[in-house]
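Here is the file query18.cif (mmCIF, C-alpha atoms and all ligand atoms).
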data_run
#
loop_
_atom_site.label_atom_id
_atom_site.label_comp_id
_atom_site.auth_asym_id
_atom_site.auth_seq_id
_atom_site.Cartn_x
_atom_site.Cartn_y
_atom_site.Cartn_z
CA MET A 5 0.00 -0.10 -63.28
CA LEU A 6 1.29 2.80 -61.23
CA ALA A 7 4.67 4.34 -62.03
CA GLU A 8 7.31 4.40 -59.30
CA TYR A 9 6.82 8.17 -58.85
CA ALA A 10 3.00 7.97 -58.52
CA VAL A 11 1.16 8.44 -55.21
CA ARG A 12 -0.14 5.16 -53.77
CA ALA A 13 -3.39 5.16 -51.83
CA GLU A 14 -1.93 2.71 -49.30
CA ASP A 15 0.91 5.19 -48.59
CA SER A 16 -1.49 8.09 -47.95
CA ARG A 17 -0.62 10.29 -45.00
CA GLY A 18 -4.17 9.73 -43.96
CA ARG A 19 -7.16 11.67 -42.67
CA ARG A 20 -7.39 14.13 -39.78
CA TYR A 21 -9.84 11.81 -38.04
CA PRO A 22 -8.90 8.15 -38.54
CA GLU A 23 -11.67 6.06 -40.12
CA PRO A 24 -11.97 2.34 -40.80
CA LYS A 25 -11.02 1.33 -44.35
CA HIS A 26 -13.80 0.81 -46.87
CA PRO A 27 -14.14 -2.83 -47.99
CA TYR A 28 -13.78 -2.15 -51.72
CA ARG A 29 -12.93 1.52 -52.35
CA ASN A 30 -9.46 2.91 -51.68
CA ASP A 31 -9.07 6.21 -49.82
CA PHE A 32 -8.75 8.34 -52.97
CA GLU A 33 -11.81 6.74 -54.61
CA ARG A 34 -13.66 7.48 -51.42
CA ASP A 35 -12.47 11.10 -51.40
CA ARG A 36 -13.55 11.50 -55.03
CA ASP A 37 -17.01 10.24 -54.05
CA ARG A 38 -17.14 12.57 -51.04
CA VAL A 39 -16.46 15.50 -53.36
CA VAL A 40 -19.16 14.39 -55.82
CA HIS A 41 -21.68 14.20 -52.97
CA ALA A 42 -20.74 17.59 -51.50
CA ARG A 43 -23.21 20.48 -51.60
CA ALA A 44 -20.49 22.85 -52.79
CA PHE A 45 -19.89 20.54 -55.75
CA ARG A 46 -23.55 20.61 -56.75
CA ARG A 47 -23.58 24.40 -56.57
CA LEU A 48 -20.94 24.54 -59.33
CA LYS A 49 -23.74 23.99 -61.83
CA ASP A 50 -25.04 27.49 -61.18
CA LYS A 51 -21.72 29.29 -61.09
CA THR A 52 -20.40 31.19 -64.09
CA GLN A 53 -17.30 29.90 -65.83
CA VAL A 54 -17.03 32.66 -68.47
CA PHE A 55 -20.57 33.10 -69.77
CA THR A 56 -23.66 33.61 -67.69
CA ARG A 57 -26.90 31.75 -68.44
CA ARG A 58 -28.01 34.79 -70.46
CA TYR A 59 -26.01 33.49 -73.41
CA SER A 60 -27.00 29.87 -73.76
CA ASP A 61 -27.86 26.77 -71.75
CA HIS A 62 -25.27 24.71 -73.56
CA PHE A 63 -22.24 26.80 -72.65
CA ARG A 64 -19.88 25.59 -69.95
CA ASN A 65 -20.60 26.37 -66.36
CA ARG A 66 -18.21 25.59 -63.50
CA LEU A 67 -19.59 22.08 -63.13
CA THR A 68 -19.30 21.03 -66.78
CA HIS A 69 -15.86 22.69 -66.96
CA THR A 70 -14.85 20.65 -63.92
CA ILE A 71 -16.02 17.42 -65.59
CA GLU A 72 -14.02 18.29 -68.71
CA VAL A 73 -10.90 18.91 -66.61
CA ALA A 74 -11.42 15.54 -64.91
CA GLN A 75 -11.70 13.78 -68.28
CA ILE A 76 -8.53 15.36 -69.66
CA ALA A 77 -6.57 14.88 -66.45
CA ARG A 78 -7.61 11.20 -66.15
CA THR A 79 -6.50 10.47 -69.71
CA ILE A 80 -3.09 12.10 -69.25
CA ALA A 81 -2.61 10.50 -65.82
CA GLY A 82 -3.25 7.05 -67.33
CA GLN A 83 -0.53 7.58 -69.92
CA LEU A 84 1.98 8.74 -67.29
CA GLY A 85 1.22 5.91 -64.87
CA LEU A 86 -0.12 8.33 -62.25
CA ASN A 87 -2.81 7.60 -59.70
CA ILE A 88 -6.04 8.17 -61.63
CA ASP A 89 -8.26 8.06 -58.53
CA LEU A 90 -6.25 10.84 -56.90
CA VAL A 91 -6.17 12.83 -60.15
CA GLU A 92 -9.93 12.53 -60.58
CA ALA A 93 -10.62 13.61 -57.01
CA LEU A 94 -8.30 16.61 -57.41
CA ALA A 95 -9.84 17.61 -60.74
CA LEU A 96 -13.38 17.40 -59.36
CA VAL A 97 -12.50 19.54 -56.35
CA HIS A 98 -10.20 22.05 -58.12
CA ASP A 99 -12.80 24.84 -58.65
CA ILE A 100 -14.99 24.18 -55.62
CA GLY A 101 -13.78 27.39 -53.92
CA HIS A 102 -14.84 29.72 -56.71
CA PRO A 103 -17.35 32.44 -55.80
CA PRO A 104 -20.33 33.38 -58.00
CA PHE A 105 -19.76 35.31 -61.26
CA GLY A 106 -16.43 33.75 -62.27
CA HIS A 107 -13.29 35.85 -62.20
CA ALA A 108 -15.22 39.11 -61.74
CA GLY A 109 -16.70 37.77 -58.50
CA GLU A 110 -13.32 36.67 -57.23
CA LYS A 111 -11.77 40.07 -57.96
CA ALA A 112 -14.60 41.92 -56.24
CA LEU A 113 -14.45 39.77 -53.10
CA ASP A 114 -10.69 40.10 -52.90
CA ALA A 115 -10.88 43.90 -53.22
CA LEU A 116 -13.51 44.09 -50.46
CA MET A 117 -11.46 41.88 -48.16
CA HIS A 118 -8.39 44.06 -48.73
CA GLU A 119 -10.30 47.05 -47.36
CA HIS A 120 -10.43 45.15 -44.05
CA GLY A 121 -6.83 43.91 -44.14
CA TYR A 122 -7.66 40.41 -45.49
CA PHE A 123 -7.78 38.82 -48.93
CA PHE A 124 -9.77 36.20 -50.83
CA ASP A 125 -8.08 33.20 -52.45
CA HIS A 126 -10.19 30.46 -54.04
CA ASN A 127 -7.77 27.64 -53.15
CA LEU A 128 -7.78 28.60 -49.48
CA HIS A 129 -11.55 28.95 -49.63
CA ALA A 130 -11.80 25.44 -51.14
CA LEU A 131 -9.81 24.13 -48.20
CA ARG A 132 -12.21 25.81 -45.77
CA ILE A 133 -15.15 24.21 -47.59
CA VAL A 134 -13.80 20.66 -47.36
CA GLU A 135 -12.40 21.12 -43.84
CA ASP A 136 -15.20 23.02 -42.19
CA PHE A 137 -18.29 24.08 -44.15
CA GLU A 138 -19.48 20.75 -45.53
CA LEU A 139 -21.52 19.05 -42.83
CA ARG A 140 -22.25 15.39 -43.57
CA TYR A 141 -20.79 13.39 -40.73
CA ALA A 142 -21.73 13.11 -37.09
CA ALA A 143 -18.16 12.70 -35.83
CA PHE A 144 -16.49 15.73 -37.44
CA ARG A 145 -16.97 18.87 -39.50
CA GLY A 146 -15.94 18.83 -43.16
CA LEU A 147 -15.28 15.88 -45.43
CA ASN A 148 -12.21 14.54 -43.60
CA LEU A 149 -10.31 14.13 -46.88
CA THR A 150 -6.88 12.54 -47.04
CA PHE A 151 -3.77 14.69 -46.77
CA GLU A 152 -2.98 14.29 -50.48
CA ILE A 153 -6.30 15.82 -51.60
CA ARG A 154 -5.98 18.75 -49.19
CA GLU A 155 -2.37 19.31 -50.26
CA GLY A 156 -3.44 19.22 -53.93
CA ILE A 157 -6.24 21.73 -53.32
CA ILE A 158 -3.67 24.16 -51.98
CA LYS A 159 -0.72 23.47 -54.23
CA HIS A 160 -2.11 22.47 -57.66
CA SER A 161 -2.00 25.92 -59.23
CA ARG A 162 0.42 28.03 -57.22
CA ASP A 163 3.05 28.03 -54.52
CA TYR A 164 2.48 29.52 -51.09
CA LEU A 165 5.40 30.87 -49.07
CA ALA A 166 5.77 29.21 -45.69
CA ALA A 167 6.64 32.56 -44.10
CA SER A 168 3.39 34.17 -45.28
CA PHE A 169 1.11 31.17 -44.65
CA PRO A 170 2.14 29.57 -41.34
CA GLU A 171 -1.32 27.96 -41.11
CA LEU A 172 -0.41 25.81 -44.16
CA ARG A 173 2.81 24.52 -42.60
CA GLU A 174 1.68 20.89 -42.66
CA TYR A 175 1.56 20.91 -46.51
CA TYR A 176 5.35 20.95 -47.08
CA LEU A 177 5.31 24.34 -48.75
CA ASP A 178 9.02 24.14 -49.52
CA GLN A 179 8.46 21.00 -51.65
CA ARG A 180 6.75 20.43 -54.99
CA PRO A 181 3.34 18.74 -54.97
CA PRO A 182 3.00 15.20 -56.39
CA LEU A 183 2.68 14.90 -60.18
CA GLU A 184 -1.04 14.15 -59.76
CA ALA A 185 -1.55 17.66 -58.36
CA GLN A 186 0.86 19.33 -60.81
CA LEU A 187 -1.17 17.86 -63.67
CA ILE A 188 -4.44 19.52 -62.61
CA ASP A 189 -3.35 23.07 -63.39
CA LEU A 190 -2.35 22.18 -66.95
CA ALA A 191 -5.38 19.96 -67.59
CA ASP A 192 -7.40 23.00 -66.47
CA GLU A 193 -5.54 25.15 -69.04
CA ILE A 194 -6.14 22.62 -71.83
CA ALA A 195 -9.83 22.47 -70.93
CA TYR A 196 -10.56 26.17 -70.83
CA ASN A 197 -8.25 27.33 -73.60
CA THR A 198 -10.17 25.10 -76.00
CA ALA A 199 -13.66 25.35 -74.47
CA ASP A 200 -13.59 29.14 -74.29
CA LEU A 201 -12.77 29.36 -78.01
CA ASP A 202 -15.79 27.14 -78.63
CA ASP A 203 -18.20 29.08 -76.41
CA GLY A 204 -16.74 32.41 -77.58
CA LEU A 205 -17.46 31.48 -81.19
CA GLU A 206 -20.97 30.25 -80.37
CA ALA A 207 -21.66 33.47 -78.48
CA HIS A 208 -20.56 35.45 -81.56
CA LEU A 209 -18.00 37.28 -79.44
CA LEU A 210 -15.20 35.67 -81.46
CA SER A 211 -15.24 35.06 -85.21
CA LEU A 212 -13.62 32.13 -86.95
CA ASP A 213 -11.28 34.51 -88.79
CA GLU A 214 -10.18 36.17 -85.55
CA ILE A 215 -9.41 32.79 -84.03
CA ARG A 216 -7.51 31.70 -87.15
CA TRP A 217 -5.44 34.90 -87.05
CA GLY A 218 -4.90 34.94 -83.32
CA VAL A 219 -4.29 31.30 -82.41
CA SER A 220 -1.62 29.59 -84.53
CA LEU A 221 -2.15 26.31 -82.66
CA PHE A 222 -5.69 26.32 -84.06
CA SER A 223 -5.11 27.74 -87.55
CA GLY A 224 -2.72 25.03 -88.73
CA TYR A 225 -5.28 22.37 -87.87
CA TYR A 226 -8.11 24.34 -89.45
CA GLN A 227 -6.21 24.37 -92.76
CA GLU A 228 -5.65 20.63 -92.46
CA VAL A 229 -9.35 20.03 -91.78
CA GLU A 230 -10.45 22.26 -94.66
CA ALA A 231 -8.34 20.19 -97.04
CA LYS A 232 -9.76 16.95 -95.65
CA PHE A 233 -13.45 17.97 -95.34
CA PRO A 234 -13.92 20.78 -97.88
CA ASP A 235 -17.71 20.32 -97.95
CA ALA A 236 -18.32 20.13 -94.21
CA ILE A 237 -20.16 23.02 -92.58
CA GLU A 238 -17.98 25.61 -90.89
CA LYS A 239 -18.84 24.71 -87.29
CA LEU A 240 -17.93 21.07 -87.87
CA LYS A 241 -14.61 22.08 -89.38
CA PHE A 242 -14.10 24.31 -86.34
CA ASN A 243 -14.89 21.39 -84.01
CA GLU A 244 -12.48 19.10 -85.85
CA ALA A 245 -9.68 21.67 -85.64
CA LEU A 246 -10.39 22.36 -81.97
CA LYS A 247 -10.30 18.65 -81.18
CA ARG A 248 -6.91 18.40 -82.86
CA MET A 249 -5.68 21.40 -80.87
CA LEU A 250 -6.80 19.75 -77.62
CA ASN A 251 -5.09 16.50 -78.60
CA ARG A 252 -1.87 18.31 -79.43
CA LEU A 253 -1.82 19.98 -76.02
CA ALA A 254 -2.50 16.69 -74.24
CA ASP A 255 -0.01 14.68 -76.35
CA ASP A 256 2.70 17.26 -75.81
CA LEU A 257 2.09 17.38 -72.07
CA ILE A 258 2.38 13.61 -71.82
CA GLU A 259 5.50 13.39 -73.98
CA ASN A 260 7.32 16.36 -72.51
CA THR A 261 6.55 15.34 -68.92
CA ARG A 262 7.88 11.86 -69.65
CA GLN A 263 11.09 13.41 -70.93
CA ASN A 264 11.36 15.72 -67.93
CA LEU A 265 10.98 12.77 -65.58
CA GLN A 266 13.60 10.79 -67.42
CA GLN A 267 16.10 13.64 -67.69
CA ALA A 268 15.73 14.49 -64.02
CA GLY A 269 16.18 10.82 -63.08
CA ILE A 270 12.91 10.77 -61.11
CA ARG A 271 12.42 7.36 -59.46
CA SER A 272 10.14 8.06 -56.55
CA LEU A 273 7.52 10.40 -55.12
CA GLN A 274 10.21 11.89 -52.89
CA ASP A 275 12.27 12.73 -56.00
CA VAL A 276 9.23 14.59 -57.37
CA ARG A 277 8.75 16.46 -54.10
CA SER A 278 12.37 17.51 -53.75
CA HIS A 279 12.92 18.46 -57.39
CA PRO A 280 13.52 22.24 -57.67
CA LYS A 281 10.70 22.80 -60.19
CA ARG A 282 7.44 21.31 -61.35
CA LEU A 283 7.95 18.43 -63.79
CA VAL A 284 4.56 18.34 -65.48
CA ALA A 285 5.02 20.87 -68.28
CA PHE A 286 4.52 21.51 -71.97
CA SER A 287 7.50 21.60 -74.33
CA GLN A 288 8.86 25.07 -75.02
CA ALA A 289 7.26 25.18 -78.49
CA VAL A 290 3.79 24.23 -77.24
CA GLU A 291 4.16 26.40 -74.16
CA SER A 292 4.57 29.47 -76.38
CA GLU A 293 1.60 28.39 -78.53
CA ARG A 294 -0.45 27.90 -75.38
CA ARG A 295 0.52 31.33 -74.14
CA GLU A 296 -0.46 32.86 -77.47
CA ALA A 297 -3.90 31.18 -77.26
CA LYS A 298 -4.35 32.37 -73.69
CA ASN A 299 -3.31 35.94 -74.50
CA PHE A 300 -5.73 35.90 -77.40
CA LEU A 301 -8.56 34.79 -75.09
CA TYR A 302 -7.75 37.52 -72.58
CA ALA A 303 -7.60 40.28 -75.17
CA SER A 304 -10.52 39.17 -77.34
CA LEU A 305 -12.87 37.44 -74.95
CA TYR A 306 -12.30 37.82 -71.20
CA PHE A 307 -11.73 41.59 -71.53
CA SER A 308 -14.21 42.01 -74.35
CA PRO A 309 -16.44 45.11 -73.97
CA ALA A 310 -19.46 42.84 -74.54
CA LEU A 311 -18.84 41.07 -71.20
CA GLU A 312 -18.11 44.32 -69.34
CA PRO A 313 -21.69 45.20 -68.24
CA GLU A 314 -22.13 41.78 -66.62
CA LYS A 315 -18.80 42.05 -64.85
CA GLN A 316 -19.72 45.48 -63.52
CA ASP A 317 -23.07 44.16 -62.39
CA ALA A 318 -21.35 41.25 -60.61
CA GLU A 319 -19.03 43.65 -58.83
CA ARG A 320 -21.90 45.93 -57.82
CA VAL A 321 -24.05 43.09 -56.45
CA ILE A 322 -21.18 41.59 -54.44
CA THR A 323 -19.96 44.97 -53.16
CA GLU A 324 -23.40 46.14 -52.04
CA LEU A 325 -24.30 42.87 -50.35
CA PHE A 326 -20.94 42.69 -48.59
CA GLY A 327 -21.46 46.21 -47.28
CA TYR A 328 -25.03 45.37 -46.26
CA TRP A 329 -24.05 42.40 -44.06
CA MET A 330 -21.04 44.23 -42.63
CA LYS A 331 -23.45 46.90 -41.37
CA LYS A 332 -26.21 44.49 -40.47
CA PRO A 333 -24.66 41.18 -39.31
CA GLU A 334 -27.94 40.32 -37.54
CA ALA A 335 -29.43 39.79 -41.01
CA LEU A 336 -27.01 36.92 -41.73
CA PRO A 337 -28.40 33.37 -41.41
CA ASN A 338 -27.95 31.92 -37.91
CA PRO A 339 -24.95 29.65 -38.55
CA TYR A 340 -23.03 32.65 -39.94
CA GLN A 341 -24.01 34.80 -36.98
CA GLU A 342 -22.59 32.08 -34.74
CA LYS A 343 -19.39 31.97 -36.81
CA ALA A 344 -19.07 35.73 -36.49
CA ARG A 345 -18.71 35.28 -32.72
CA GLN A 346 -15.46 33.33 -33.30
CA GLU A 347 -14.11 34.81 -36.53
CA PRO A 348 -13.72 38.32 -37.99
CA LEU A 349 -16.97 39.53 -39.57
CA PRO A 350 -15.43 40.31 -43.01
CA ARG A 351 -14.23 36.68 -43.27
CA VAL A 352 -17.67 35.34 -42.36
CA VAL A 353 -19.48 37.62 -44.83
CA CYS A 354 -16.92 36.68 -47.50
CA ASP A 355 -17.44 32.95 -46.81
CA TYR A 356 -21.19 33.36 -47.09
CA ILE A 357 -21.00 35.23 -50.40
CA ALA A 358 -18.28 32.97 -51.87
CA GLY A 359 -20.48 29.91 -51.38
CA MET A 360 -23.41 31.40 -53.31
CA THR A 361 -24.48 30.50 -56.83
CA ASP A 362 -25.16 33.26 -59.37
CA ASN A 363 -28.91 32.72 -58.94
CA PHE A 364 -28.87 32.74 -55.15
CA ILE A 365 -26.85 35.93 -54.86
CA TYR A 366 -29.32 37.76 -57.12
CA GLU A 367 -32.18 36.48 -54.97
CA GLN A 368 -30.38 37.77 -51.88
CA TYR A 369 -29.80 41.09 -53.56
CA ASP A 370 -33.49 41.48 -54.38
CA LYS A 371 -34.44 40.43 -50.89
CA CYS A 372 -31.98 42.63 -49.00
CA LEU A 373 -31.41 45.59 -51.25
CA GLY A 374 -34.12 45.46 -53.91
CA SER A 375 -37.10 47.74 -53.90
CA ARG A 376 -39.25 45.00 -52.38
CA THR A 377 -38.98 44.12 -48.68
CA ALA A 378 -36.12 44.39 -46.24
CA CYS A 379 -33.95 41.32 -45.53
MG MG B 401 -10.75 25.41 -63.52
#

Represent the structure contained in this file as structure tokens.
Amino acid sequence: MLAEYAVRAEDSRGRRYPEPKHPYRNDFERDRDRVVHARAFRRLKDKTQVFTRRYSDHFRNRLTHTIEVAQIARTIAGQLGLNIDLVEALALVHDIGHPPFGHAGEKALDALMHEHGYFFDHNLHALRIVEDFELRYAAFRGLNLTFEIREGIIKHSRDYLAASFPELREYYLDQRPPLEAQLIDLADEIAYNTADLDDGLEAHLLSLDEIRWGVSLFSGYYQEVEAKFPDAIEKLKFNEALKRMLNRLADDLIENTRQNLQQAGIRSLQDVRSHPKRLVAFSQAVESERREAKNFLYASLYFSPALEPEKQDAERVITELFGYWMKKPEALPNPYQEKARQEPLPRVVCDYIAGMTDNFIYEQYDKCLGSRTAC
């Protein structure tokens, strides 16, 4: 049962190119399936989330992170009466615009683009992927996704000013996104704030004591678990506490969002859109616990000296390859050379690099700049 403020597939603002309805899948189910079948989606399996393959095969990559976000978002959406098909499609597509090498790759690409007067933004890149780069249909370029998915890609994690982004005018930049899109950003937070503690511990970059000292949301549960399972091995106690932490974040998000909706008197999707702020939110108490966990992860893991050499390597590989193709555009694959006749070269080189997996970009580096043969 959908709540009165949920998005309804039958009310969708539709696709750029009208298509006949599917006999038994609604438009959002169909969009979800288009994302799952996209090449850019499959490439997520070889893109770094936080840890490269060097650490372990069972750590999260962008694909498994994405699946975890979808699971969490679906569960919360069900409790709030939101459109689960839309939520699932948005969760599955939310990281599709990420370049290789995680945040380090994004930072490097953005810095290079700035040198040419442009910038790199993974949400805008995701929109370019689904609107232009994916080639599956004879009648149009891209995946021809419904308006609501494209709007969610742009607006799930940040606001864009209409004055600075006139090309995004159609997405009602002065209004809030539907609750289904608002939920994705926080489901993403729940997923990585817990998963990164897990992988950080397994990688021996974080110790249990550090986590217990640094993350109060975790330590209370760990104490509870120790009392309940005194003989369990440490990792299982850790897992139990982490599971409780994840549940607390999800429970709080559901409960507090419900209260926000009630207090604001939200009765329709239009009420959501015209409300001055986002309504999907943690309570103040959990919000400060979440921030503490996130700050801990930044200080102890993301900026850890142990990850520094890989980040520097990522930056070097991206910077050198970017420079190489800027000087030698004739070495780009044919479709990109064609694109470069219509679009600025830095944008085309950036698009090419952003689409690469970690493995592929290293192969390209060896091929073009390694000691072996020229590209
Ligand atoms: Mg994410």

Determine, counting all atoms listed in the file, which protein, DNA and RNA residues have an atom within 12 Å of an atom of A:Gly101; residues of the same chain fewer than 4 positions away are not included. Present the result as a VMD selection string. chain A and resid 43 to 45 47 to 48 51 66 96 to 97 106 to 107 109 to 110 124 to 135 137 157 to 158 354 to 361

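As for atom CA of A:Asp89 and atom CA of A:Phe32, they are spaced 5.6 Å apart.
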
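Restricting the calculation to all atoms listed in the file, the smallest distance between ligand MG 401 (chain B) and any of A:Arg46, A:Arg64, A:His208, A:Arg19 is found for A:Arg64.
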
Against ligand MG 401 (chain B), which residues of chain A fall within 9 Å? For each one I want the closest pair of atoms and the distance in Å (one decimal), counting only C-alpha atoms and all ligand atoms, rows by chain and increasing residue number, as CSV.
residue,atom,partner,partner_atom,distance
A:Gln53,CA,B:MG401,MG,8.3
A:Arg66,CA,B:MG401,MG,7.5
A:His69,CA,B:MG401,MG,6.7
A:Thr70,CA,B:MG401,MG,6.3
A:Val73,CA,B:MG401,MG,7.2
A:Ala95,CA,B:MG401,MG,8.3
A:His98,CA,B:MG401,MG,6.4
A:Asp99,CA,B:MG401,MG,5.3
A:Ile188,CA,B:MG401,MG,8.7
A:Asp189,CA,B:MG401,MG,7.8
A:Ala191,CA,B:MG401,MG,8.7
A:Asp192,CA,B:MG401,MG,5.1
A:Glu193,CA,B:MG401,MG,7.6
A:Ala195,CA,B:MG401,MG,8.0
A:Tyr196,CA,B:MG401,MG,7.4

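The space between atom CA of A:Arg180 and atom CA of A:Glu291 spans 20.2 Å.
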
Residues near A:Tyr340, anyone? I mean within 10 Å using all atoms listed in the file, not counting same-chain ones fewer than 3 positions away, as a ChimeraX atom specification. /A:333-337,343-345,347,349,352-353,355-356

Taken to one decimal, the atom CA of A:Ile322-atom CA of A:His118 distance is 14.2 Å

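Near A:Ala13, within a cut-off of 12 Å and counting all atoms listed in the file, sit the residues Leu6, Arg19, Lys25, Arg29, Asn30, Asp31, Phe32, Glu33, Arg34, Asp35, Leu86, Asn87, Ile88, Asp89, Leu90, Val91, Thr150, Phe151, Glu152 and Ile153 of chain A, with same-chain residues fewer than 6 positions away left out.
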
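Once all atoms listed in the file are considered, the residues situated within 9 Å of the file point (-5.7, 21.8, -80.4) turn out to be Ile194, Thr198, Leu221, Phe222, Tyr225, Ala245, Leu246, Lys247, Arg248, Met249, Leu250, Asn251, Arg252, Leu253 and Ala254 of chain A.
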
With all atoms of stretch 308-319 of chain A from the file as input, state the centre and edge lengths in Å to one decimal of the axis-aligned box that has 3 Å extra on each side, as JSON.
{"center_x": -18.6, "center_y": 43.3, "center_z": -66.7, "size_x": 14.9, "size_y": 10.4, "size_z": 21.7}

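Proximity of A:Ala199, A:Ala166, A:Leu187, A:Ala142 to A:Thr68, computed with all atoms listed in the file, is greatest for A:Ala199.
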
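Across A:Asp235, A:Glu293, A:Glu138, A:Asp213, the tightest approach to A:Val39 is made by A:Glu138 when counting only C-alpha atoms.
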
Select all residues near (-8.0, 39.1, -74.6) (cut-off 12 Å, inclusive, file coordinates), counting only C-alpha atoms, and output them as a ChimeraX atom specification. /A:197,200-201,204,209-210,214-215,218-219,295-309,311

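Distance check against A:Ala289 using only C-alpha atoms: of A:Gly327, A:Leu257, A:Glu314, A:Arg162, the minimum falls on A:Leu257.
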